[in-house]
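Some notes on the structure that comes next.
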Number of protein chains: 2
Amino acid sequence: MSDPIGFQCADHGTCRTTLLARAQAHCDSLGLRLTPVRRRTLEILLVEHRALGAYDVLALLAAEGLGSQPPVAYRALDFLVKAGFAHKIEALNAYTACVHPGLDHTPAFLICRTCETVAEADTALTKGRLGDAARAAGFTIERTVVEATGLCPDCADRAA
Amino acid sequence: MSDPIGFQCADHGTCRTTLLARAQAHCDSLGLRLTPVRRRTLEILLVEHRALGAYDVLALLAAEGLGSQPPVAYRALDFLVKAGFAHKIEALNAYTACVHPGLDHTPAFLICRTCETVAEADTALTKGRLGDAARAAGFTIERTVVEATGLCPDCADRAA
DNA sequence: TTCACTATTGATATGTTATAACATCCGAAG
DNA sequence: CTTCGGATGTTATAACATATCAATAGTGAA
Ligand SMILES: [Zn+2]
Ligand SMILES: [Zn+2]
Ligand SMILES: [Zn+2]
Ligand SMILES: [Zn+2]
């Protein structure tokens, strides 16, 4: 576990442009195509900095004339997830930008149930006790979903 | 982590009747009502021993004249989840019976992507590094979703 | 018993999330 | 230029989930 990329971003504008540039570079080096819809979808996730449903994304894309039917959003999101630029939050059926795109990692998420802000951390869960249990059962882990729902500091303060 | 309730059940018939009886006792002691639809829904989950979608459950209930509209299944499943007799598998949008019903615990799941069999283990994840990260971020964890997808021993053998 | 109260069920409709299927466009390789 | 594969456009539908309101059945007090 490291870098629980926090609920407040010191310099959000910079973090966004940096991550976009990194995604572009990663695509260039691998021959992947960060097309306008894909790029804009990633930018939307980065700007919002929280979990967005596919139809939320679609509405924003549609407002800009980038497509208006569900497959547009799902294709773009699938690309981003497969390329390692975004993650799906299963507990919300929603999507969020990855904070270290392109790197192979097993993310864990802290999800605020009030503002839907998402913080991404790393976890080596498969090396811990879950991994032990899996090995004992003869189970081969291919993918892990680790999501903690609760209250972020801001919302906790507001509720108090 | 303990008891990775395995992919093969030594005595499946007994495990089912035992868990059903425990659920009944738990309801009696708390004044909850394990009505026919609820009881049968739990039995279905116990017999199948894997993750079932709400509409899968509904189809089985409907075949027995226990209701045919979506709310029937969702109400029964919600009751079972709230009462601690079943869990929702977020990665599959599906439901599975709990292996130690009524007890307060934070489950972790090993899910076979081929046969959809589900093994339930416990995890004290919030006491580990995810808990550390949450505390560092000022995040209050209320619920965790821990789901590992992969191949169970049987399916791995079959694939080899 | 009768009443009021609450939990449960029945029934219809709708909302939300996700994919199938097929046509078309477009840029790179040959 | 042609061919071919990835990307998009478009329509339709599958799959998952809830809102709403009426009817019914247990529960306990008057
Ligand atoms: Zn990530
Ligand atoms: Zn919050
Ligand atoms: Zn359980
Ligand atoms: Zn299997």
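Residue numbering restarts at 1 in every chain; chains get A, B, ... in the order shown in the structure tokens, and ligands count up from 1 in that same order.
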**OP:** Would you give me, as a VMD selection string, the residues of chain A that come within 12 Å of chain D, using only C-alpha atoms (C1' of nucleotides)?
**Re:** chain A and resid 31 to 38 66 to 73 75 to 76 79 93
**OP:** Could you list, as a ChimeraX atom specification, the residues of chain C having an atom within 12 Å of chain B when counting only C-alpha atoms (C1' of nucleotides)?
**Re:** /C:7-13,17-18
**OP:** Mind checking which residues fall within 12 Å of Leu45 (chain B), counting only C-alpha atoms (C1' of nucleotides), ignoring those fewer than 2 positions away in the same chain, and posting them as a PyMOL selection string?
**Re:** chain B and resi 16+19-20+38-43+47-54+56-58+60-61+73+76-77+80-81+85-88+94-99+117-118
**OP:** For chain B, work out the contacting residues on chain A at 6 Å, counting only C-alpha atoms, and write them as a list in words.
**Re:** Met1, Pro4, Glu90, Ala91, Arg129, Ala133, Gly138, Phe139, Thr140, Ile141, Glu142, Arg143, Thr144, Val145, Val146, Glu147, Ala148, Thr149, Gly150, Leu151, Cys152 and Pro153 of chain A
Original post:
Mind checking DSSP for region 20-88 of chain B and telling me the helix (DSSP H, G or I) residues as a PyMOL selection string?
Top reply: chain B and resi 20-30+36-48+54-63+70-83
Could you pull out the strand (DSSP E) residues of chain B, going by DSSP on the backbone, and write them as a PDB file with all heavy atoms, in the first residue's frame?
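This is the output file out.pdb:
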ATOM      1  N   ALA B  86     -27.072 -13.545   3.179  1.00  0.00           N
ATOM      2  CA  ALA B  86     -26.561 -13.589   1.811  1.00  0.00           C
ATOM      3  C   ALA B  86     -25.703 -12.349   1.555  1.00  0.00           C
ATOM      4  O   ALA B  86     -25.755 -11.375   2.312  1.00  0.00           O
ATOM      5  CB  ALA B  86     -27.714 -13.655   0.810  1.00  0.00           C
ATOM      6  N   HIS B  87     -24.914 -12.415   0.509  1.00  0.00           N
ATOM      7  CA  HIS B  87     -24.088 -11.277   0.110  1.00  0.00           C
ATOM      8  C   HIS B  87     -24.331 -10.968  -1.349  1.00  0.00           C
ATOM      9  O   HIS B  87     -24.646 -11.858  -2.133  1.00  0.00           O
ATOM     10  CB  HIS B  87     -22.596 -11.601   0.301  1.00  0.00           C
ATOM     11  CG  HIS B  87     -22.217 -11.893   1.703  1.00  0.00           C
ATOM     12  ND1 HIS B  87     -22.163 -10.937   2.694  1.00  0.00           N
ATOM     13  CD2 HIS B  87     -21.850 -13.045   2.304  1.00  0.00           C
ATOM     14  CE1 HIS B  87     -21.790 -11.485   3.831  1.00  0.00           C
ATOM     15  NE2 HIS B  87     -21.598 -12.779   3.628  1.00  0.00           N
ATOM     16  N   LYS B  88     -24.134  -9.703  -1.689  1.00  0.00           N
ATOM     17  CA  LYS B  88     -24.148  -9.344  -3.099  1.00  0.00           C
ATOM     18  C   LYS B  88     -22.718  -9.354  -3.618  1.00  0.00           C
ATOM     19  O   LYS B  88     -21.819  -8.805  -2.983  1.00  0.00           O
ATOM     20  CB  LYS B  88     -24.755  -7.958  -3.306  1.00  0.00           C
ATOM     21  CG  LYS B  88     -24.766  -7.565  -4.770  1.00  0.00           C
ATOM     22  CD  LYS B  88     -25.530  -6.291  -5.048  1.00  0.00           C
ATOM     23  CE  LYS B  88     -25.571  -6.043  -6.555  1.00  0.00           C
ATOM     24  NZ  LYS B  88     -26.173  -4.745  -6.895  1.00  0.00           N
ATOM     25  N   ILE B  89     -22.514  -9.991  -4.765  1.00  0.00           N
ATOM     26  CA  ILE B  89     -21.216  -9.977  -5.431  1.00  0.00           C
ATOM     27  C   ILE B  89     -21.247  -8.836  -6.442  1.00  0.00           C
ATOM     28  O   ILE B  89     -21.874  -8.945  -7.491  1.00  0.00           O
ATOM     29  CB  ILE B  89     -20.943 -11.314  -6.144  1.00  0.00           C
ATOM     30  CG1 ILE B  89     -21.106 -12.489  -5.183  1.00  0.00           C
ATOM     31  CG2 ILE B  89     -19.553 -11.307  -6.759  1.00  0.00           C
ATOM     32  CD1 ILE B  89     -20.113 -12.526  -4.054  1.00  0.00           C
ATOM     33  N   ALA B  94     -24.634 -10.065  -8.711  1.00  0.00           N
ATOM     34  CA  ALA B  94     -25.273 -11.337  -8.383  1.00  0.00           C
ATOM     35  C   ALA B  94     -25.212 -11.563  -6.875  1.00  0.00           C
ATOM     36  O   ALA B  94     -24.575 -10.794  -6.149  1.00  0.00           O
ATOM     37  CB  ALA B  94     -24.591 -12.473  -9.139  1.00  0.00           C
ATOM     38  N   TYR B  95     -25.871 -12.646  -6.439  1.00  0.00           N
ATOM     39  CA  TYR B  95     -26.032 -12.875  -5.006  1.00  0.00           C
ATOM     40  C   TYR B  95     -25.624 -14.298  -4.643  1.00  0.00           C
ATOM     41  O   TYR B  95     -25.767 -15.220  -5.437  1.00  0.00           O
ATOM     42  CB  TYR B  95     -27.486 -12.634  -4.619  1.00  0.00           C
ATOM     43  CG  TYR B  95     -27.947 -11.230  -4.963  1.00  0.00           C
ATOM     44  CD1 TYR B  95     -28.350 -10.911  -6.262  1.00  0.00           C
ATOM     45  CD2 TYR B  95     -27.929 -10.222  -4.015  1.00  0.00           C
ATOM     46  CE1 TYR B  95     -28.743  -9.614  -6.591  1.00  0.00           C
ATOM     47  CE2 TYR B  95     -28.314  -8.929  -4.333  1.00  0.00           C
ATOM     48  CZ  TYR B  95     -28.719  -8.633  -5.623  1.00  0.00           C
ATOM     49  OH  TYR B  95     -29.095  -7.358  -5.958  1.00  0.00           O
ATOM     50  N   THR B  96     -25.130 -14.451  -3.424  1.00  0.00           N
ATOM     51  CA  THR B  96     -24.714 -15.771  -2.966  1.00  0.00           C
ATOM     52  C   THR B  96     -25.009 -15.900  -1.478  1.00  0.00           C
ATOM     53  O   THR B  96     -25.019 -14.901  -0.753  1.00  0.00           O
ATOM     54  CB  THR B  96     -23.209 -15.998  -3.254  1.00  0.00           C
ATOM     55  OG1 THR B  96     -22.907 -17.371  -3.072  1.00  0.00           O
ATOM     56  CG2 THR B  96     -22.346 -15.167  -2.327  1.00  0.00           C
ATOM     57  N   ALA B  97     -25.265 -17.119  -1.021  1.00  0.00           N
ATOM     58  CA  ALA B  97     -25.569 -17.337   0.395  1.00  0.00           C
ATOM     59  C   ALA B  97     -24.323 -17.154   1.237  1.00  0.00           C
ATOM     60  O   ALA B  97     -23.213 -17.478   0.809  1.00  0.00           O
ATOM     61  CB  ALA B  97     -26.140 -18.738   0.598  1.00  0.00           C
ATOM     62  N   PRO B 107     -16.776 -10.064   4.547  1.00  0.00           N
ATOM     63  CA  PRO B 107     -16.425 -11.181   3.683  1.00  0.00           C
ATOM     64  C   PRO B 107     -15.468 -10.786   2.559  1.00  0.00           C
ATOM     65  O   PRO B 107     -15.415  -9.636   2.142  1.00  0.00           O
ATOM     66  CB  PRO B 107     -17.775 -11.589   3.095  1.00  0.00           C
ATOM     67  CG  PRO B 107     -18.566 -10.327   3.095  1.00  0.00           C
ATOM     68  CD  PRO B 107     -18.127  -9.558   4.304  1.00  0.00           C
ATOM     69  N   ALA B 108     -14.742 -11.768   2.090  1.00  0.00           N
ATOM     70  CA  ALA B 108     -13.938 -11.656   0.871  1.00  0.00           C
ATOM     71  C   ALA B 108     -14.299 -12.857   0.013  1.00  0.00           C
ATOM     72  O   ALA B 108     -14.558 -13.938   0.544  1.00  0.00           O
ATOM     73  CB  ALA B 108     -12.451 -11.667   1.204  1.00  0.00           C
ATOM     74  N   PHE B 109     -14.319 -12.671  -1.292  1.00  0.00           N
ATOM     75  CA  PHE B 109     -14.802 -13.742  -2.158  1.00  0.00           C
ATOM     76  C   PHE B 109     -13.776 -14.144  -3.200  1.00  0.00           C
ATOM     77  O   PHE B 109     -13.051 -13.301  -3.738  1.00  0.00           O
ATOM     78  CB  PHE B 109     -16.084 -13.313  -2.867  1.00  0.00           C
ATOM     79  CG  PHE B 109     -17.200 -13.013  -1.912  1.00  0.00           C
ATOM     80  CD1 PHE B 109     -17.486 -11.706  -1.551  1.00  0.00           C
ATOM     81  CD2 PHE B 109     -17.937 -14.043  -1.345  1.00  0.00           C
ATOM     82  CE1 PHE B 109     -18.496 -11.435  -0.639  1.00  0.00           C
ATOM     83  CE2 PHE B 109     -18.947 -13.775  -0.435  1.00  0.00           C
ATOM     84  CZ  PHE B 109     -19.228 -12.469  -0.091  1.00  0.00           C
ATOM     85  N   LEU B 110     -13.746 -15.438  -3.460  1.00  0.00           N
ATOM     86  CA  LEU B 110     -12.979 -15.985  -4.579  1.00  0.00           C
ATOM     87  C   LEU B 110     -14.023 -16.483  -5.585  1.00  0.00           C
ATOM     88  O   LEU B 110     -14.810 -17.379  -5.269  1.00  0.00           O
ATOM     89  CB  LEU B 110     -12.095 -17.148  -4.124  1.00  0.00           C
ATOM     90  CG  LEU B 110     -11.090 -16.840  -3.010  1.00  0.00           C
ATOM     91  CD1 LEU B 110     -10.336 -18.106  -2.608  1.00  0.00           C
ATOM     92  CD2 LEU B 110     -10.098 -15.768  -3.458  1.00  0.00           C
ATOM     93  N   ILE B 111     -14.022 -15.875  -6.761  1.00  0.00           N
ATOM     94  CA  ILE B 111     -15.079 -16.126  -7.736  1.00  0.00           C
ATOM     95  C   ILE B 111     -14.506 -16.770  -8.986  1.00  0.00           C
ATOM     96  O   ILE B 111     -13.646 -16.177  -9.651  1.00  0.00           O
ATOM     97  CB  ILE B 111     -15.746 -14.799  -8.154  1.00  0.00           C
ATOM     98  CG1 ILE B 111     -16.201 -14.021  -6.926  1.00  0.00           C
ATOM     99  CG2 ILE B 111     -16.883 -15.058  -9.123  1.00  0.00           C
ATOM    100  CD1 ILE B 111     -16.342 -12.525  -7.184  1.00  0.00           C
ATOM    101  N   CYS B 112     -14.977 -17.958  -9.323  1.00  0.00           N
ATOM    102  CA  CYS B 112     -14.499 -18.591 -10.553  1.00  0.00           C
ATOM    103  C   CYS B 112     -15.221 -17.973 -11.748  1.00  0.00           C
ATOM    104  O   CYS B 112     -16.447 -17.936 -11.793  1.00  0.00           O
ATOM    105  CB  CYS B 112     -14.730 -20.095 -10.519  1.00  0.00           C
ATOM    106  SG  CYS B 112     -14.178 -20.885 -12.042  1.00  0.00           S
ATOM    107  N   VAL B 118     -18.602 -19.566  -5.915  1.00  0.00           N
ATOM    108  CA  VAL B 118     -18.084 -18.524  -5.040  1.00  0.00           C
ATOM    109  C   VAL B 118     -17.639 -19.137  -3.726  1.00  0.00           C
ATOM    110  O   VAL B 118     -18.380 -19.893  -3.110  1.00  0.00           O
ATOM    111  CB  VAL B 118     -19.173 -17.466  -4.760  1.00  0.00           C
ATOM    112  CG1 VAL B 118     -18.685 -16.481  -3.721  1.00  0.00           C
ATOM    113  CG2 VAL B 118     -19.559 -16.758  -6.047  1.00  0.00           C
ATOM    114  N   ALA B 119     -16.411 -18.829  -3.317  1.00  0.00           N
ATOM    115  CA  ALA B 119     -15.932 -19.244  -2.006  1.00  0.00           C
ATOM    116  C   ALA B 119     -15.842 -18.007  -1.135  1.00  0.00           C
ATOM    117  O   ALA B 119     -15.363 -16.962  -1.580  1.00  0.00           O
ATOM    118  CB  ALA B 119     -14.569 -19.924  -2.131  1.00  0.00           C
ATOM    119  N   GLU B 120     -16.316 -18.122   0.081  1.00  0.00           N
ATOM    120  CA  GLU B 120     -16.296 -16.968   0.974  1.00  0.00           C
ATOM    121  C   GLU B 120     -15.261 -17.162   2.060  1.00  0.00           C
ATOM    122  O   GLU B 120     -15.214 -18.200   2.710  1.00  0.00           O
ATOM    123  CB  GLU B 120     -17.679 -16.772   1.609  1.00  0.00           C
ATOM    124  CG  GLU B 120     -17.690 -15.627   2.605  1.00  0.00           C
ATOM    125  CD  GLU B 120     -19.060 -15.393   3.221  1.00  0.00           C
ATOM    126  OE1 GLU B 120     -20.033 -15.986   2.718  1.00  0.00           O
ATOM    127  OE2 GLU B 120     -19.140 -14.622   4.188  1.00  0.00           O
ATOM    128  N   ALA B 121     -14.442 -16.139   2.235  1.00  0.00           N
ATOM    129  CA  ALA B 121     -13.465 -16.144   3.313  1.00  0.00           C
ATOM    130  C   ALA B 121     -13.690 -14.878   4.130  1.00  0.00           C
ATOM    131  O   ALA B 121     -14.444 -13.999   3.742  1.00  0.00           O
ATOM    132  CB  ALA B 121     -12.052 -16.181   2.750  1.00  0.00           C
ATOM    133  N   ASP B 122     -13.049 -14.795   5.260  1.00  0.00           N
ATOM    134  CA  ASP B 122     -13.125 -13.560   6.036  1.00  0.00           C
ATOM    135  C   ASP B 122     -11.888 -12.739   5.764  1.00  0.00           C
ATOM    136  O   ASP B 122     -10.851 -13.250   5.391  1.00  0.00           O
ATOM    137  CB  ASP B 122     -13.199 -13.861   7.537  1.00  0.00           C
ATOM    138  CG  ASP B 122     -14.609 -14.154   7.950  1.00  0.00           C
ATOM    139  OD1 ASP B 122     -15.504 -13.471   7.431  1.00  0.00           O
ATOM    140  OD2 ASP B 122     -14.816 -15.058   8.772  1.00  0.00           O
ATOM    141  N   THR B 140     -13.309   7.296   6.675  1.00  0.00           N
ATOM    142  CA  THR B 140     -13.994   6.369   7.568  1.00  0.00           C
ATOM    143  C   THR B 140     -14.604   5.232   6.758  1.00  0.00           C
ATOM    144  O   THR B 140     -15.549   5.449   6.002  1.00  0.00           O
ATOM    145  CB  THR B 140     -15.129   7.084   8.322  1.00  0.00           C
ATOM    146  OG1 THR B 140     -14.606   8.255   8.925  1.00  0.00           O
ATOM    147  CG2 THR B 140     -15.720   6.168   9.381  1.00  0.00           C
ATOM    148  N   ILE B 141     -14.077   4.036   6.909  1.00  0.00           N
ATOM    149  CA  ILE B 141     -14.595   2.892   6.157  1.00  0.00           C
ATOM    150  C   ILE B 141     -15.856   2.361   6.824  1.00  0.00           C
ATOM    151  O   ILE B 141     -15.882   2.114   8.018  1.00  0.00           O
ATOM    152  CB  ILE B 141     -13.535   1.770   6.063  1.00  0.00           C
ATOM    153  CG1 ILE B 141     -12.342   2.239   5.218  1.00  0.00           C
ATOM    154  CG2 ILE B 141     -14.152   0.505   5.481  1.00  0.00           C
ATOM    155  CD1 ILE B 141     -11.229   1.204   5.109  1.00  0.00           C
ATOM    156  N   GLU B 142     -16.900   2.207   6.020  1.00  0.00           N
ATOM    157  CA  GLU B 142     -18.156   1.672   6.542  1.00  0.00           C
ATOM    158  C   GLU B 142     -18.450   0.285   5.978  1.00  0.00           C
ATOM    159  O   GLU B 142     -19.126  -0.515   6.601  1.00  0.00           O
ATOM    160  CB  GLU B 142     -19.306   2.625   6.197  1.00  0.00           C
ATOM    161  CG  GLU B 142     -19.178   3.978   6.886  1.00  0.00           C
ATOM    162  CD  GLU B 142     -20.197   4.986   6.388  1.00  0.00           C
ATOM    163  OE1 GLU B 142     -20.771   4.805   5.288  1.00  0.00           O
ATOM    164  OE2 GLU B 142     -20.409   5.981   7.089  1.00  0.00           O
ATOM    165  N   ARG B 143     -17.962   0.042   4.768  1.00  0.00           N
ATOM    166  CA  ARG B 143     -18.248  -1.236   4.121  1.00  0.00           C
ATOM    167  C   ARG B 143     -17.111  -1.526   3.154  1.00  0.00           C
ATOM    168  O   ARG B 143     -16.581  -0.603   2.536  1.00  0.00           O
ATOM    169  CB  ARG B 143     -19.567  -1.126   3.354  1.00  0.00           C
ATOM    170  CG  ARG B 143     -19.918  -2.364   2.550  1.00  0.00           C
ATOM    171  CD  ARG B 143     -21.117  -2.118   1.623  1.00  0.00           C
ATOM    172  NE  ARG B 143     -21.369  -3.289   0.806  1.00  0.00           N
ATOM    173  CZ  ARG B 143     -21.578  -3.265  -0.515  1.00  0.00           C
ATOM    174  NH1 ARG B 143     -21.558  -2.119  -1.162  1.00  0.00           N
ATOM    175  NH2 ARG B 143     -21.808  -4.366  -1.180  1.00  0.00           N
ATOM    176  N   THR B 144     -16.739  -2.795   3.039  1.00  0.00           N
ATOM    177  CA  THR B 144     -15.694  -3.137   2.075  1.00  0.00           C
ATOM    178  C   THR B 144     -16.204  -4.184   1.091  1.00  0.00           C
ATOM    179  O   THR B 144     -17.014  -5.041   1.443  1.00  0.00           O
ATOM    180  CB  THR B 144     -14.428  -3.698   2.754  1.00  0.00           C
ATOM    181  OG1 THR B 144     -14.769  -4.857   3.492  1.00  0.00           O
ATOM    182  CG2 THR B 144     -13.800  -2.676   3.677  1.00  0.00           C
ATOM    183  N   VAL B 145     -15.736  -4.071  -0.122  1.00  0.00           N
ATOM    184  CA  VAL B 145     -15.999  -5.067  -1.153  1.00  0.00           C
ATOM    185  C   VAL B 145     -14.647  -5.643  -1.550  1.00  0.00           C
ATOM    186  O   VAL B 145     -13.779  -4.910  -2.014  1.00  0.00           O
ATOM    187  CB  VAL B 145     -16.676  -4.426  -2.379  1.00  0.00           C
ATOM    188  CG1 VAL B 145     -16.791  -5.440  -3.510  1.00  0.00           C
ATOM    189  CG2 VAL B 145     -18.045  -3.877  -2.004  1.00  0.00           C
ATOM    190  N   VAL B 146     -14.471  -6.923  -1.298  1.00  0.00           N
ATOM    191  CA  VAL B 146     -13.228  -7.595  -1.678  1.00  0.00           C
ATOM    192  C   VAL B 146     -13.594  -8.835  -2.483  1.00  0.00           C
ATOM    193  O   VAL B 146     -14.172  -9.776  -1.946  1.00  0.00           O
ATOM    194  CB  VAL B 146     -12.392  -8.002  -0.449  1.00  0.00           C
ATOM    195  CG1 VAL B 146     -11.123  -8.730  -0.880  1.00  0.00           C
ATOM    196  CG2 VAL B 146     -12.048  -6.784   0.394  1.00  0.00           C
ATOM    197  N   GLU B 147     -13.268  -8.792  -3.761  1.00  0.00           N
ATOM    198  CA  GLU B 147     -13.658  -9.879  -4.644  1.00  0.00           C
ATOM    199  C   GLU B 147     -12.502 -10.217  -5.584  1.00  0.00           C
ATOM    200  O   GLU B 147     -12.022  -9.358  -6.309  1.00  0.00           O
ATOM    201  CB  GLU B 147     -14.894  -9.469  -5.447  1.00  0.00           C
ATOM    202  CG  GLU B 147     -16.100  -9.157  -4.562  1.00  0.00           C
ATOM    203  CD  GLU B 147     -17.267  -8.516  -5.298  1.00  0.00           C
ATOM    204  OE1 GLU B 147     -17.150  -8.284  -6.514  1.00  0.00           O
ATOM    205  OE2 GLU B 147     -18.283  -8.237  -4.651  1.00  0.00           O
ATOM    206  N   ALA B 148     -12.072 -11.441  -5.535  1.00  0.00           N
ATOM    207  CA  ALA B 148     -11.012 -11.889  -6.434  1.00  0.00           C
ATOM    208  C   ALA B 148     -11.619 -12.801  -7.492  1.00  0.00           C
ATOM    209  O   ALA B 148     -12.310 -13.769  -7.156  1.00  0.00           O
ATOM    210  CB  ALA B 148      -9.922 -12.630  -5.657  1.00  0.00           C
ATOM    211  N   THR B 149     -11.388 -12.484  -8.750  1.00  0.00           N
ATOM    212  CA  THR B 149     -11.889 -13.312  -9.840  1.00  0.00           C
ATOM    213  C   THR B 149     -10.744 -14.136 -10.394  1.00  0.00           C
ATOM    214  O   THR B 149      -9.620 -13.661 -10.455  1.00  0.00           O
ATOM    215  CB  THR B 149     -12.465 -12.419 -10.955  1.00  0.00           C
ATOM    216  OG1 THR B 149     -13.389 -11.522 -10.374  1.00  0.00           O
ATOM    217  CG2 THR B 149     -13.179 -13.257 -12.001  1.00  0.00           C
ATOM    218  N   GLY B 150     -11.045 -15.352 -10.795  1.00  0.00           N
ATOM    219  CA  GLY B 150     -10.001 -16.209 -11.350  1.00  0.00           C
ATOM    220  C   GLY B 150     -10.553 -17.567 -11.705  1.00  0.00           C
ATOM    221  O   GLY B 150     -11.690 -17.668 -12.155  1.00  0.00           O
ATOM    222  N   LEU B 151      -9.737 -18.580 -11.510  1.00  0.00           N
ATOM    223  CA  LEU B 151     -10.127 -19.938 -11.870  1.00  0.00           C
ATOM    224  C   LEU B 151     -10.081 -20.833 -10.643  1.00  0.00           C
ATOM    225  O   LEU B 151      -9.070 -20.880  -9.942  1.00  0.00           O
ATOM    226  CB  LEU B 151      -9.168 -20.508 -12.930  1.00  0.00           C
ATOM    227  CG  LEU B 151      -9.464 -20.205 -14.392  1.00  0.00           C
ATOM    228  CD1 LEU B 151      -8.474 -20.963 -15.270  1.00  0.00           C
ATOM    229  CD2 LEU B 151     -10.898 -20.597 -14.756  1.00  0.00           C
TER     230      LEU B 151
END
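One finds CA of His100 (chain B) at 11.9 Å from CA of Ala21 (chain B).
Here CA of Glu116 (chain A) and atom 1 (Zn, counted along the ligand's line) of ligand 1 stand 16.8 Å from one another.
Nearest-residue note for ligand 1: choosing from A:Pro101, A:Ala160, A:Thr114, A:Glu64, the minimum distance belongs to A:Pro101, counting only C-alpha atoms and all ligand atoms.
Taking CA of Ala83 (chain B) and C1' of DC5 (chain C) as the two end points, the separation is 23.3 Å.
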Subject >> Residue with smallest distance to ligand 1 - pool A:Ile44, A:Leu30, A:Ala159, A:Lys82, counting only C-alpha atoms and all ligand atoms >> reply: A:Lys82
